[in-house]
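Chemist: My structure is stored as work.cif, with mmCIF, C-alpha atoms.
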data_work
#
loop_
_atom_site.label_atom_id
_atom_site.label_comp_id
_atom_site.auth_asym_id
_atom_site.auth_seq_id
_atom_site.Cartn_x
_atom_site.Cartn_y
_atom_site.Cartn_z
CA MET A 28 -103.61 -22.79 -77.90
CA ASP A 29 -103.70 -26.33 -79.27
CA ILE A 30 -101.97 -28.01 -76.31
CA GLU A 31 -101.39 -31.32 -78.07
CA LEU A 32 -99.75 -29.63 -81.06
CA TYR A 33 -97.69 -27.37 -78.79
CA MET A 34 -96.38 -30.28 -76.72
CA GLN A 35 -95.60 -32.35 -79.80
CA THR A 36 -93.54 -29.42 -81.09
CA LEU A 37 -91.61 -29.24 -77.83
CA GLY A 38 -91.05 -32.98 -78.01
CA ARG A 39 -89.70 -32.91 -81.55
CA GLN A 40 -87.38 -30.03 -80.73
CA ALA A 41 -86.14 -31.81 -77.62
CA ARG A 42 -85.45 -35.02 -79.54
CA THR A 43 -83.43 -33.11 -82.15
CA ALA A 44 -81.51 -31.21 -79.47
CA SER A 45 -80.77 -34.41 -77.57
CA ALA A 46 -78.67 -35.69 -80.47
CA ASP A 47 -76.56 -32.51 -80.37
CA MET A 48 -76.21 -32.74 -76.59
CA ALA A 49 -75.16 -36.39 -76.72
CA ARG A 50 -72.15 -35.51 -78.87
CA ALA A 51 -71.38 -32.18 -77.20
CA ALA A 52 -67.84 -31.71 -75.96
CA THR A 53 -67.27 -31.59 -72.21
CA ARG A 54 -65.70 -28.16 -72.70
CA ALA A 55 -68.91 -26.77 -74.24
CA LYS A 56 -71.12 -28.20 -71.50
CA ASN A 57 -68.89 -26.80 -68.78
CA LYS A 58 -68.82 -23.41 -70.52
CA ALA A 59 -72.62 -23.35 -70.53
CA LEU A 60 -72.73 -24.17 -66.82
CA SER A 61 -70.17 -21.52 -65.90
CA GLU A 62 -71.99 -18.96 -68.02
CA LEU A 63 -75.28 -19.87 -66.34
CA ALA A 64 -73.68 -19.34 -62.94
CA ARG A 65 -72.49 -15.90 -64.02
CA LEU A 66 -75.88 -14.93 -65.45
CA LEU A 67 -77.66 -16.00 -62.28
CA LEU A 68 -75.46 -13.78 -60.12
CA GLU A 69 -75.81 -10.81 -62.48
CA ALA A 70 -79.59 -11.15 -62.89
CA GLY A 71 -80.45 -11.00 -59.20
CA ASP A 72 -82.74 -7.97 -59.39
CA PRO A 73 -84.69 -8.99 -62.55
CA LEU A 74 -85.11 -12.49 -61.12
CA LYS A 75 -86.47 -11.14 -57.86
CA LEU A 76 -88.82 -8.82 -59.79
CA ALA A 77 -90.30 -11.84 -61.59
CA ASN A 78 -90.39 -13.73 -58.32
CA ASP A 79 -92.25 -10.84 -56.64
CA GLN A 80 -95.05 -11.32 -59.19
CA ASP A 81 -95.40 -14.96 -58.19
CA ILE A 82 -95.29 -14.11 -54.48
CA ALA A 83 -97.98 -11.43 -54.89
CA ALA A 84 -100.22 -13.81 -56.86
CA ALA A 85 -99.70 -16.55 -54.26
CA LEU A 86 -100.61 -14.25 -51.38
CA ALA A 87 -103.68 -12.99 -53.26
CA ALA A 88 -104.75 -16.59 -53.86
CA GLY A 89 -104.42 -17.39 -50.16
CA LEU A 90 -101.61 -19.90 -50.62
CA ALA A 91 -100.39 -21.33 -47.31
CA ALA A 92 -97.35 -19.64 -45.77
CA PRO A 93 -95.00 -22.65 -46.18
CA MET A 94 -95.90 -22.81 -49.89
CA VAL A 95 -95.22 -19.10 -50.28
CA ASP A 96 -91.83 -19.52 -48.60
CA ARG A 97 -90.92 -22.26 -51.10
CA LEU A 98 -91.51 -19.80 -53.93
CA ARG A 99 -89.04 -17.18 -52.75
CA LEU A 100 -85.84 -16.48 -54.68
CA THR A 101 -83.58 -14.85 -52.12
CA ASP A 102 -79.99 -13.72 -52.69
CA GLU A 103 -78.86 -16.82 -50.81
CA ILE A 104 -80.92 -19.17 -52.99
CA ILE A 105 -79.69 -17.50 -56.20
CA ALA A 106 -76.10 -17.78 -54.98
CA THR A 107 -76.65 -21.46 -54.14
CA MET A 108 -78.03 -22.12 -57.63
CA ALA A 109 -74.97 -20.48 -59.18
CA GLU A 110 -72.64 -22.46 -56.91
CA GLY A 111 -74.37 -25.68 -57.94
CA CYS A 112 -73.72 -24.91 -61.61
CA GLU A 113 -70.04 -24.29 -60.92
CA GLN A 114 -69.78 -27.51 -58.94
CA LEU A 115 -71.29 -29.49 -61.81
CA ALA A 116 -68.89 -27.85 -64.26
CA ALA A 117 -65.98 -29.01 -62.10
CA MET A 118 -67.17 -32.62 -61.94
CA PRO A 119 -65.95 -35.34 -64.32
CA ASP A 120 -68.10 -35.84 -67.41
CA PRO A 121 -69.69 -39.30 -67.21
CA ILE A 122 -70.61 -39.42 -70.91
CA GLY A 123 -68.43 -41.65 -73.05
CA GLU A 124 -66.80 -43.39 -70.07
CA ILE A 125 -65.89 -46.99 -70.98
CA THR A 126 -65.78 -49.55 -68.19
CA ASN A 127 -65.57 -53.29 -67.52
CA VAL A 128 -63.74 -54.10 -70.76
CA LYS A 129 -62.83 -57.80 -70.80
CA ARG A 130 -61.29 -59.93 -73.51
CA GLN A 131 -63.39 -62.96 -74.36
CA PRO A 132 -62.15 -66.40 -75.49
CA SER A 133 -63.18 -65.51 -79.05
CA GLY A 134 -60.69 -62.63 -79.02
CA ILE A 135 -63.20 -59.76 -78.94
CA SER A 136 -63.18 -57.26 -76.07
CA VAL A 137 -66.56 -56.47 -74.50
CA GLY A 138 -67.31 -53.50 -72.26
CA GLN A 139 -69.84 -50.81 -71.49
CA MET A 140 -70.07 -47.12 -72.42
CA ARG A 141 -72.05 -44.54 -70.45
CA VAL A 142 -74.50 -42.55 -72.59
CA PRO A 143 -77.30 -40.00 -71.99
CA LEU A 144 -80.89 -41.15 -71.54
CA GLY A 145 -81.98 -38.77 -74.31
CA VAL A 146 -84.94 -36.59 -73.31
CA PHE A 147 -86.42 -36.34 -69.84
CA GLY A 148 -89.53 -34.51 -68.76
CA MET A 149 -89.47 -32.85 -65.35
CA ILE A 150 -92.73 -31.99 -63.59
CA TYR A 151 -92.37 -30.13 -60.32
CA GLU A 152 -94.13 -27.82 -57.90
CA SER A 153 -93.35 -24.69 -55.92
CA ARG A 154 -89.58 -24.27 -55.74
CA PRO A 155 -88.27 -22.36 -58.80
CA ASN A 156 -84.67 -23.35 -58.00
CA VAL A 157 -85.58 -26.80 -59.37
CA THR A 158 -85.57 -25.20 -62.82
CA ILE A 159 -81.85 -24.58 -62.54
CA GLU A 160 -81.12 -27.93 -60.87
CA ALA A 161 -82.86 -29.82 -63.67
CA ALA A 162 -81.40 -27.68 -66.46
CA SER A 163 -77.84 -27.88 -65.16
CA LEU A 164 -78.01 -31.65 -64.70
CA ALA A 165 -79.44 -32.04 -68.20
CA ILE A 166 -76.59 -30.00 -69.67
CA LYS A 167 -73.80 -31.88 -67.89
CA SER A 168 -75.32 -35.32 -68.57
CA GLY A 169 -75.77 -34.56 -72.28
CA ASN A 170 -79.55 -34.82 -72.22
CA ALA A 171 -82.34 -32.57 -73.42
CA CYS A 172 -85.24 -31.84 -71.08
CA ILE A 173 -88.74 -30.39 -71.05
CA LEU A 174 -89.57 -28.63 -67.79
CA ARG A 175 -93.06 -28.06 -66.45
CA GLY A 176 -93.04 -26.12 -63.19
CA GLY A 177 -96.00 -25.26 -61.00
CA SER A 178 -98.37 -22.48 -62.03
CA GLU A 179 -97.61 -20.70 -58.76
CA ALA A 180 -93.97 -20.14 -59.90
CA ILE A 181 -94.56 -19.48 -63.61
CA GLN A 182 -92.94 -16.02 -63.79
CA SER A 183 -89.87 -17.10 -61.79
CA ASN A 184 -89.43 -20.25 -63.86
CA LEU A 185 -89.71 -18.39 -67.16
CA ALA A 186 -87.13 -15.83 -66.04
CA LEU A 187 -84.70 -18.55 -64.99
CA TRP A 188 -85.28 -20.48 -68.20
CA GLN A 189 -84.32 -17.47 -70.32
CA LEU A 190 -80.96 -17.42 -68.55
CA VAL A 191 -80.49 -21.11 -69.34
CA ARG A 192 -81.19 -20.45 -73.03
CA GLN A 193 -78.63 -17.64 -73.06
CA ALA A 194 -76.01 -19.87 -71.44
CA LEU A 195 -76.60 -22.71 -73.92
CA THR A 196 -76.39 -20.40 -76.92
CA SER A 197 -73.21 -18.75 -75.66
CA ALA A 198 -71.57 -22.20 -75.45
CA GLY A 199 -72.65 -23.17 -78.98
CA LEU A 200 -75.24 -25.64 -77.73
CA PRO A 201 -78.89 -25.77 -78.90
CA ALA A 202 -81.20 -23.52 -76.91
CA GLU A 203 -83.89 -26.19 -77.30
CA ALA A 204 -81.87 -28.56 -75.11
CA VAL A 205 -83.80 -27.08 -72.17
CA GLN A 206 -87.40 -26.11 -72.86
CA MET A 207 -90.01 -24.76 -70.50
CA VAL A 208 -93.72 -25.45 -70.88
CA GLU A 209 -94.98 -21.88 -71.04
CA THR A 210 -98.64 -22.61 -70.38
CA ILE A 211 -100.19 -23.40 -67.01
CA ASP A 212 -102.90 -25.49 -68.66
CA ARG A 213 -102.86 -28.85 -66.87
CA ALA A 214 -103.50 -30.62 -70.15
CA ALA A 215 -99.84 -29.99 -70.95
CA VAL A 216 -98.84 -32.42 -68.20
CA GLY A 217 -101.13 -35.09 -69.64
CA ALA A 218 -99.53 -34.63 -73.06
CA LEU A 219 -95.96 -34.63 -71.73
CA ILE A 220 -96.32 -37.95 -69.91
CA THR A 221 -97.85 -39.69 -72.93
CA MET A 222 -95.25 -38.92 -75.62
CA PRO A 223 -92.95 -41.97 -75.65
CA SER A 224 -91.73 -41.12 -79.15
CA HIS A 225 -90.28 -37.84 -77.87
CA VAL A 226 -89.68 -38.37 -74.13
CA ASP A 227 -87.60 -41.21 -72.64
CA VAL A 228 -88.35 -40.75 -68.94
CA ILE A 229 -90.51 -38.57 -66.67
CA ILE A 230 -89.28 -37.29 -63.31
CA PRO A 231 -92.01 -35.87 -61.04
CA ARG A 232 -91.02 -33.85 -57.98
CA GLY A 233 -93.80 -32.68 -55.72
CA GLY A 234 -96.63 -33.85 -53.53
CA LYS A 235 -97.87 -37.40 -53.30
CA GLY A 236 -101.01 -36.58 -55.28
CA LEU A 237 -99.00 -35.28 -58.24
CA ILE A 238 -96.71 -38.28 -58.28
CA GLU A 239 -99.56 -40.79 -57.96
CA ARG A 240 -101.35 -39.17 -60.89
CA ILE A 241 -98.28 -39.22 -63.10
CA SER A 242 -97.41 -42.80 -62.17
CA LYS A 243 -100.93 -43.90 -63.02
CA GLU A 244 -101.34 -42.05 -66.31
CA ALA A 245 -97.82 -42.00 -67.80
CA LYS A 246 -96.97 -43.96 -70.94
CA VAL A 247 -93.31 -43.14 -70.38
CA PRO A 248 -91.08 -44.68 -67.65
CA VAL A 249 -91.22 -42.69 -64.40
CA ILE A 250 -88.40 -42.15 -61.85
CA LYS A 251 -90.14 -41.38 -58.58
CA HIS A 252 -90.75 -41.79 -54.90
CA LEU A 253 -94.23 -41.32 -53.43
CA ASP A 254 -93.30 -40.46 -49.86
CA GLY A 255 -90.53 -40.59 -47.31
CA ASN A 256 -91.57 -42.63 -44.28
CA CYS A 257 -88.04 -42.91 -42.88
CA HIS A 258 -87.07 -44.86 -39.76
CA THR A 259 -84.38 -44.58 -37.10
CA TYR A 260 -83.79 -47.75 -35.07
CA ILE A 261 -82.00 -47.69 -31.68
CA ASP A 262 -80.31 -51.04 -31.11
CA ALA A 263 -79.71 -52.74 -27.76
CA GLU A 264 -75.98 -52.00 -27.90
CA VAL A 265 -75.74 -48.29 -28.60
CA ASN A 266 -73.89 -45.12 -27.64
CA ILE A 267 -76.82 -43.34 -25.96
CA GLU A 268 -75.30 -39.87 -26.14
CA GLN A 269 -74.60 -40.23 -29.85
CA ALA A 270 -78.03 -41.75 -30.48
CA LEU A 271 -79.76 -38.78 -28.83
CA VAL A 272 -77.94 -36.26 -31.03
CA VAL A 273 -78.47 -38.21 -34.25
CA THR A 274 -82.14 -39.01 -33.60
CA ASP A 275 -82.88 -35.39 -32.71
CA ASN A 276 -81.21 -34.21 -35.91
CA ALA A 277 -82.97 -36.83 -38.03
CA LYS A 278 -86.36 -35.61 -36.85
CA THR A 279 -86.10 -31.93 -35.96
CA GLN A 280 -83.30 -30.41 -38.08
CA LYS A 281 -86.05 -29.75 -40.64
CA TYR A 282 -89.52 -31.26 -40.64
CA SER A 283 -90.58 -30.89 -44.27
CA PRO A 284 -87.97 -32.85 -46.29
CA CYS A 285 -88.66 -36.39 -47.43
CA ASN A 286 -85.54 -37.65 -45.62
CA ALA A 287 -86.64 -36.56 -42.13
CA THR A 288 -87.24 -39.46 -39.74
CA GLU A 289 -90.95 -40.11 -39.21
CA SER A 290 -90.77 -43.27 -37.10
CA LEU A 291 -88.55 -44.20 -34.16
CA LEU A 292 -87.99 -47.84 -33.21
CA VAL A 293 -86.22 -48.68 -29.94
CA HIS A 294 -84.94 -52.07 -28.78
CA ALA A 295 -86.62 -53.11 -25.53
CA ALA A 296 -83.23 -53.35 -23.80
CA ALA A 297 -82.46 -49.67 -24.58
CA ALA A 298 -85.94 -48.22 -24.08
CA ALA A 299 -85.69 -47.32 -20.38
CA ALA A 300 -82.39 -45.46 -20.86
CA PHE A 301 -83.12 -43.82 -24.22
CA LEU A 302 -86.81 -42.95 -24.45
CA PRO A 303 -87.15 -40.58 -21.45
CA ARG A 304 -84.22 -38.51 -22.69
CA ILE A 305 -85.26 -38.30 -26.34
CA GLY A 306 -88.81 -37.69 -25.14
CA ALA A 307 -87.66 -34.65 -23.17
CA ILE A 308 -85.85 -33.31 -26.24
CA PHE A 309 -88.92 -33.80 -28.40
CA ALA A 310 -91.19 -32.27 -25.73
CA ALA A 311 -89.02 -29.15 -25.58
CA LYS A 312 -89.37 -28.77 -29.35
CA GLY A 313 -93.10 -29.42 -29.47
CA VAL A 314 -92.88 -32.78 -31.24
CA GLU A 315 -95.94 -34.95 -30.73
CA MET A 316 -95.16 -38.63 -30.08
CA ARG A 317 -97.63 -41.27 -31.28
CA CYS A 318 -96.75 -44.39 -29.37
CA ASP A 319 -97.33 -48.10 -29.04
CA PRO A 320 -98.18 -49.30 -25.50
CA GLY A 321 -94.54 -50.02 -24.62
CA SER A 322 -93.19 -46.59 -25.51
CA ARG A 323 -96.28 -44.81 -24.20
CA ALA A 324 -95.75 -46.33 -20.76
CA ILE A 325 -92.31 -44.71 -20.62
CA LEU A 326 -92.92 -41.44 -22.47
CA GLY A 327 -96.21 -40.67 -20.75
CA SER A 328 -94.34 -39.52 -17.65
CA VAL A 329 -92.04 -37.08 -19.51
CA ALA A 330 -92.80 -33.52 -18.42
CA GLY A 331 -94.48 -31.43 -21.11
CA ALA A 332 -94.61 -34.29 -23.62
CA THR A 333 -97.53 -34.70 -26.00
CA VAL A 334 -98.03 -38.45 -26.12
CA THR A 335 -100.91 -40.16 -27.90
CA GLU A 336 -101.75 -43.71 -28.88
CA ALA A 337 -100.51 -44.71 -32.32
CA THR A 338 -102.95 -46.14 -34.83
CA GLU A 339 -102.11 -48.67 -37.54
CA GLU A 340 -102.09 -45.79 -40.02
CA ASP A 341 -99.36 -43.97 -38.07
CA TRP A 342 -96.77 -46.62 -38.86
CA SER A 343 -97.11 -45.82 -42.58
CA THR A 344 -97.48 -42.04 -42.35
CA GLU A 345 -95.09 -39.38 -43.64
CA TYR A 346 -95.94 -36.46 -41.35
CA LEU A 347 -93.68 -33.69 -42.70
CA ALA A 348 -94.46 -32.04 -39.37
CA PRO A 349 -93.38 -32.11 -35.69
CA VAL A 350 -94.97 -35.54 -35.19
CA ILE A 351 -93.21 -38.90 -34.86
CA SER A 352 -94.41 -42.45 -34.32
CA VAL A 353 -92.56 -44.43 -31.64
CA LYS A 354 -92.44 -48.17 -31.01
CA VAL A 355 -90.53 -50.49 -28.69
CA VAL A 356 -89.42 -53.65 -30.52
CA ALA A 357 -88.22 -56.95 -29.11
CA ASP A 358 -85.05 -57.27 -31.17
CA LEU A 359 -83.29 -56.52 -34.46
CA ASP A 360 -85.44 -59.04 -36.33
CA ALA A 361 -88.60 -57.21 -35.24
CA ALA A 362 -87.11 -53.85 -36.24
CA ILE A 363 -86.18 -55.05 -39.72
CA ALA A 364 -89.56 -56.70 -40.21
CA HIS A 365 -91.38 -53.51 -39.14
CA ILE A 366 -89.31 -51.32 -41.45
CA ASN A 367 -89.71 -53.58 -44.47
CA ARG A 368 -93.47 -53.67 -43.90
CA TYR A 369 -94.18 -50.00 -43.23
CA SER A 370 -91.26 -48.07 -44.75
CA SER A 371 -91.65 -46.24 -48.04
CA HIS A 372 -88.20 -47.67 -48.88
CA HIS A 373 -86.64 -44.22 -48.94
CA THR A 374 -84.11 -44.05 -46.06
CA ASP A 375 -83.72 -46.02 -42.83
CA ALA A 376 -80.98 -45.93 -40.20
CA ILE A 377 -79.65 -48.06 -37.34
CA LEU A 378 -77.78 -46.64 -34.35
CA THR A 379 -75.62 -49.37 -32.86
CA THR A 380 -72.17 -50.32 -31.60
CA ASN A 381 -72.71 -53.93 -32.67
CA HIS A 382 -70.97 -54.42 -36.03
CA PRO A 383 -72.71 -57.69 -37.02
CA ASN A 384 -76.08 -56.06 -36.34
CA ALA A 385 -75.11 -53.05 -38.44
CA MET A 386 -74.14 -55.31 -41.34
CA ARG A 387 -77.39 -57.28 -41.07
CA PHE A 388 -79.37 -54.05 -41.14
CA LEU A 389 -77.51 -52.88 -44.26
CA ARG A 390 -78.13 -56.17 -46.04
CA GLU A 391 -81.72 -56.84 -45.02
CA VAL A 392 -83.47 -53.46 -44.95
CA ASP A 393 -84.97 -53.01 -48.42
CA SER A 394 -84.63 -49.25 -48.91
CA SER A 395 -82.87 -46.99 -51.40
CA SER A 396 -80.58 -45.61 -48.65
CA VAL A 397 -79.63 -47.56 -45.52
CA MET A 398 -77.45 -45.93 -42.86
CA VAL A 399 -75.40 -46.85 -39.81
CA ASN A 400 -74.92 -44.30 -37.02
CA ALA A 401 -75.94 -41.35 -39.18
CA SER A 402 -78.96 -39.06 -39.52
CA THR A 403 -81.45 -39.91 -42.25
CA ARG A 404 -81.20 -36.23 -43.26
CA PHE A 405 -78.00 -37.14 -45.15
CA ALA A 406 -80.05 -38.86 -47.89
CA ASP A 407 -79.41 -36.13 -50.43
CA GLY A 408 -77.51 -35.88 -53.70
CA PHE A 409 -75.28 -33.05 -52.51
CA GLU A 410 -74.40 -34.87 -49.28
CA TYR A 411 -73.63 -38.02 -51.28
CA GLY A 412 -71.15 -36.12 -53.44
CA LEU A 413 -73.31 -36.21 -56.55
CA GLY A 414 -73.03 -32.44 -57.01
CA ALA A 415 -76.78 -32.10 -57.38
CA GLU A 416 -79.81 -34.30 -57.54
CA ILE A 417 -82.89 -34.23 -59.68
CA GLY A 418 -84.91 -36.25 -57.19
CA ILE A 419 -85.02 -39.41 -55.09
CA SER A 420 -86.01 -42.76 -56.54
CA THR A 421 -87.40 -45.64 -54.51
CA ASP A 422 -87.74 -47.76 -57.64
CA LYS A 423 -85.39 -50.70 -58.11
CA ILE A 424 -84.96 -50.46 -61.87
CA HIS A 425 -82.40 -48.07 -63.38
CA ALA A 426 -81.94 -45.47 -60.63
CA ARG A 427 -82.35 -45.88 -56.86
CA GLY A 428 -81.81 -43.27 -54.15
CA PRO A 429 -80.66 -39.73 -54.98
CA VAL A 430 -80.60 -39.31 -58.77
CA GLY A 431 -77.64 -37.26 -59.95
CA LEU A 432 -75.60 -37.22 -63.14
CA GLU A 433 -75.17 -40.98 -63.36
CA GLY A 434 -78.89 -41.52 -62.79
CA LEU A 435 -79.57 -39.50 -65.94
CA THR A 436 -77.42 -41.82 -68.01
CA SER A 437 -77.57 -45.40 -69.21
CA GLN A 438 -75.01 -47.89 -70.44
CA LYS A 439 -74.70 -49.61 -73.76
CA TRP A 440 -72.54 -52.59 -74.61
CA ILE A 441 -69.55 -52.04 -76.85
CA VAL A 442 -67.53 -54.69 -78.66
CA LEU A 443 -63.94 -54.13 -79.87
CA GLY A 444 -62.51 -56.48 -82.44
CA ASP A 445 -59.97 -56.72 -85.24
CA GLY A 446 -61.78 -58.50 -88.03
CA HIS A 447 -63.17 -61.12 -85.68
CA ILE A 448 -65.90 -63.43 -86.95
CA ARG A 449 -68.04 -65.88 -85.03
CA ARG A 450 -67.29 -69.52 -85.75
#
Take the structure in the file and write it out as structure tokens.

Modeler:
Amino acid sequence: MDIELYMQTLGRQARTASADMARAATRAKNKALSELARLLLEAGDPLKLANDQDIAAALAAGLAAPMVDRLRLTDEIIATMAEGCEQLAAMPDPIGEITNVKRQPSGISVGQMRVPLGVFGMIYESRPNVTIEAASLAIKSGNACILRGGSEAIQSNLALWQLVRQALTSAGLPAEAVQMVETIDRAAVGALITMPSHVDVIIPRGGKGLIERISKEAKVPVIKHLDGNCHTYIDAEVNIEQALVVTDNAKTQKYSPCNATESLLVHAAAAAAFLPRIGAIFAAKGVEMRCDPGSRAILGSVAGATVTEATEEDWSTEYLAPVISVKVVADLDAAIAHINRYSSHHTDAILTTNHPNAMRFLREVDSSSVMVNASTRFADGFEYGLGAEIGISTDKIHARGPVGLEGLTSQKWIVLGDGHIRR
């Protein structure tokens, strides 16, 4: 296969389809999403048969158990994908929305209209459900997309993609609005990220190595986050009981997501009351605590706790594991300074009963999501009411935080006049 020619063909088809999607009626887009939900539920057995091929290949290749688990298409996952499509169909269509219209002294009215980005390329690993998330968001937002999943999920992704094509066709929309790269040749990724004439934005979703490579080599704008070194800060004035529950959830509800807390900061005035109790909770769950001298002096006496000395590298590390760095800080200023230095600018939270401190934290912490008295695990498109998300962005231009429908759109200026001329 001539990879360059193949990818250029996909790009041209996507660009043509994007024009049709941009003018598609809301009714047609919603019909495609509802049809996709129905097809997903009816195709359970064929989907699992394709998925079994990927699972067998992964096991034969010695893929790690967590990676194999991410590949699985269970009945619950299929039902969740279908539910997500129905939820998107029920949401308002952002395309064509006109806002901020103001009459100017000249007599013209100036406002903004929300429009699709055009064509986005999605590069992702492991989880085949991302195929449906990306496709459904593309449909509702009036975009076309080119999807390149991981080689380990190729059969599952192809099977899901065929359902998407059927749903688009049944709604009178171009099947080429969602295209799947059907080769596992890595050269296809290199071609996809260097086609600015055909692709408007690239969205990588996977490990740090993948995202670093794409960010470095892409000739197309990239919406991304490299890692999720999220912080929870316990203020001096705090509801200890609430803080224990929230901090435990932020770290241990699930270790692998990018919104799990990886670093715990505790005000010196709260350390003696808070740290022994959270330390006991972490010890019972097998969470290793990597500590500065202040927190180590307190946590070292907690029965069953695994407490080690933190290194400089620990403050910047996303563990994705039952490990957390812990530091006692002098005050709110020190907490904010630490977070802004070491955070990956993904999600950071303060637990406090002091309203002025909460407002300072919201204003001064430079992250895509900043929280007060809530678990960092809420940093998610579904939890934010976006219906679905295509990823998290820690960039400051265009999209920041969970990227849902609105993040896949842009705005253009519109001017309304009645024969007005500039004098």

Chemist: Would you translate the PyMOL selection byres ((chain A and resi 60) around 9) into the concrete set of residues it matches in this file, as a ChimeraX atom specification?

Modeler: /A:55-59,61-65,109,112-113,115-116,163,166-167,191,194-195,198

Chemist: Care to translate the PyMOL selection byres ((chain A and resi 39-41) around 7) into actual residues of this file, as an MDAnalysis selection string?

Modeler: chainID A and resid 35:38 42:45 146 171:172 203:204 225

Chemist: Would you write out, as a list in words, every residue that the PyMOL selection byres ((chain A and resi 127) around 12) captures in this file?

Modeler: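 Applying the expression gives Glu124, Ile125, Thr126, Val128, Lys129, Arg130, Ser136, Val137, Gly138, Gln139, Met140, Arg141, Gln438, Lys439, Trp440, Ile441 and Val442 of chain A.
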
Chemist: Find the distance between atom CA of Pro303 of chain A and atom CA of His373 of chain A and write it in Å to one decimal.

Modeler: 27.7 Å

Chemist: Could you tell me how far atom CA of Ala46 of chain A lies from atom CA of Leu219 of chain A, in Å and to one decimal?

Modeler: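 Computed distance, atom CA of Ala46 of chain A to atom CA of Leu219 of chain A, equals 19.4 Å.
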
Chemist: With only C-alpha atoms as the counted atoms, please give the residues lying no more than 9 Å from segment 149-153 of chain A, apart from itself and same-chain residues fewer than 4 positions off, as a ChimeraX atom specification.

Modeler: /A:94-95,97-98,157-158,161,172-180,216,228-234,237,417

Chemist: Looking at A:Ala415, A:Ala51, A:Ala361, A:Ile366, which one is nearest to Ser394 of chain A, with distances taken over only C-alpha atoms?

Modeler: A:Ile366

Chemist: Could you state the separation of atom CA of Gly255 of chain A and atom CA of Asp341 of chain A in Å, given to one decimal place?

Modeler: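 Answer for the atom CA of Gly255 of chain A to atom CA of Asp341 of chain A separation: 13.2 Å.
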
Chemist: Fewer than 3 positions away in the same chain doesn't count, so skip those; otherwise give me all residues within 12 Å of segment 319-325 of chain A, counting all atoms listed in the file, as a ChimeraX atom specification.

Modeler: /A:290-307,315-316,328-330,332-339,341-342,351-357

Chemist: Measuring atom to atom with all atoms listed in the file, identify which of A:His382, A:Arg368, A:Arg54, A:Arg154 is nearest to Arg99 of chain A.

Modeler: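 Using all atoms listed in the file, the shortest distance to Arg99 of chain A belongs to A:Arg154.
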
Chemist: Show which residues sit within 9 Å of Ile181 of chain A, as a ChimeraX atom specification. Count all atoms listed in the file, and ignore same-chain residues fewer than 3 positions away.

Modeler: /A:77-78,81,155,176-178,184-186,209-211

Chemist: Keeping C-alpha atoms for every residue in the selection just given, could you write it to a file as a PDB file, keeping the file's coordinate frame?

Modeler:
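out_22.pdb was written with the following content:
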ATOM      1  CA  ALA A  77     -90.300 -11.840 -61.590  1.00  0.00           C
ATOM      2  CA  ASN A  78     -90.390 -13.730 -58.320  1.00  0.00           C
ATOM      3  CA  ASP A  81     -95.400 -14.960 -58.190  1.00  0.00           C
ATOM      4  CA  PRO A 155     -88.270 -22.360 -58.800  1.00  0.00           C
ATOM      5  CA  GLY A 176     -93.040 -26.120 -63.190  1.00  0.00           C
ATOM      6  CA  GLY A 177     -96.000 -25.260 -61.000  1.00  0.00           C
ATOM      7  CA  SER A 178     -98.370 -22.480 -62.030  1.00  0.00           C
ATOM      8  CA  ASN A 184     -89.430 -20.250 -63.860  1.00  0.00           C
ATOM      9  CA  LEU A 185     -89.710 -18.390 -67.160  1.00  0.00           C
ATOM     10  CA  ALA A 186     -87.130 -15.830 -66.040  1.00  0.00           C
ATOM     11  CA  GLU A 209     -94.980 -21.880 -71.040  1.00  0.00           C
ATOM     12  CA  THR A 210     -98.640 -22.610 -70.380  1.00  0.00           C
ATOM     13  CA  ILE A 211    -100.190 -23.400 -67.010  1.00  0.00           C
TER      14      ILE A 211
END

Chemist: From the list A:Val399, A:Leu76, A:Ala214, A:Met207, which residue is nearest Glu31 of chain A when using all atoms listed in the file?

Modeler: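 Smallest separation from Glu31 of chain A among the options: A:Ala214.
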
Chemist: Which neighbours of Ala52 of chain A fall inside 10 Å, counting all atoms listed in the file, when residues of the same chain fewer than 6 positions from it are skipped, and could you give them as a list in words?

Modeler: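 Once the adjacent positions are removed, what remains is Lys58, Asp120, Ile122, Gly169 and Leu200 of chain A.
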
Chemist: Here is a test: counting all atoms listed in the file, which residue of A:Ala202, A:Leu66, A:Ala406, A:Ala385 is nearest to Thr421 of chain A?

Modeler: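 Among A:Ala202, A:Leu66, A:Ala406, A:Ala385, it is A:Ala406 that comes nearest to Thr421 of chain A.
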
Chemist: Find the residue from A:Gln193, A:Gln269, A:Asn384, A:Thr344 that sits nearest to Ile363 of chain A; use all atoms listed in the file when measuring.

Modeler: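 Of A:Gln193, A:Gln269, A:Asn384, A:Thr344, the one nearest Ile363 of chain A, counting all atoms listed in the file, is A:Asn384.
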
Chemist: When you look at Asn286 of chain A with a cut-off of 12 Å (counting only C-alpha atoms), what residues show up, excluding the ones that are within fewer than 3 positions of it in the same chain? I need them as a ChimeraX atom specification.

Modeler: /A:252,254-259,276-283,289-290,345-347,370-376,395-398,402-408,418-419,428-429

Chemist: Looking at all atoms listed in the file, which of A:Ala215, A:Ala348, A:Val392, A:Ile261 is the one that sits closest to His365 of chain A?

Modeler: A:Val392
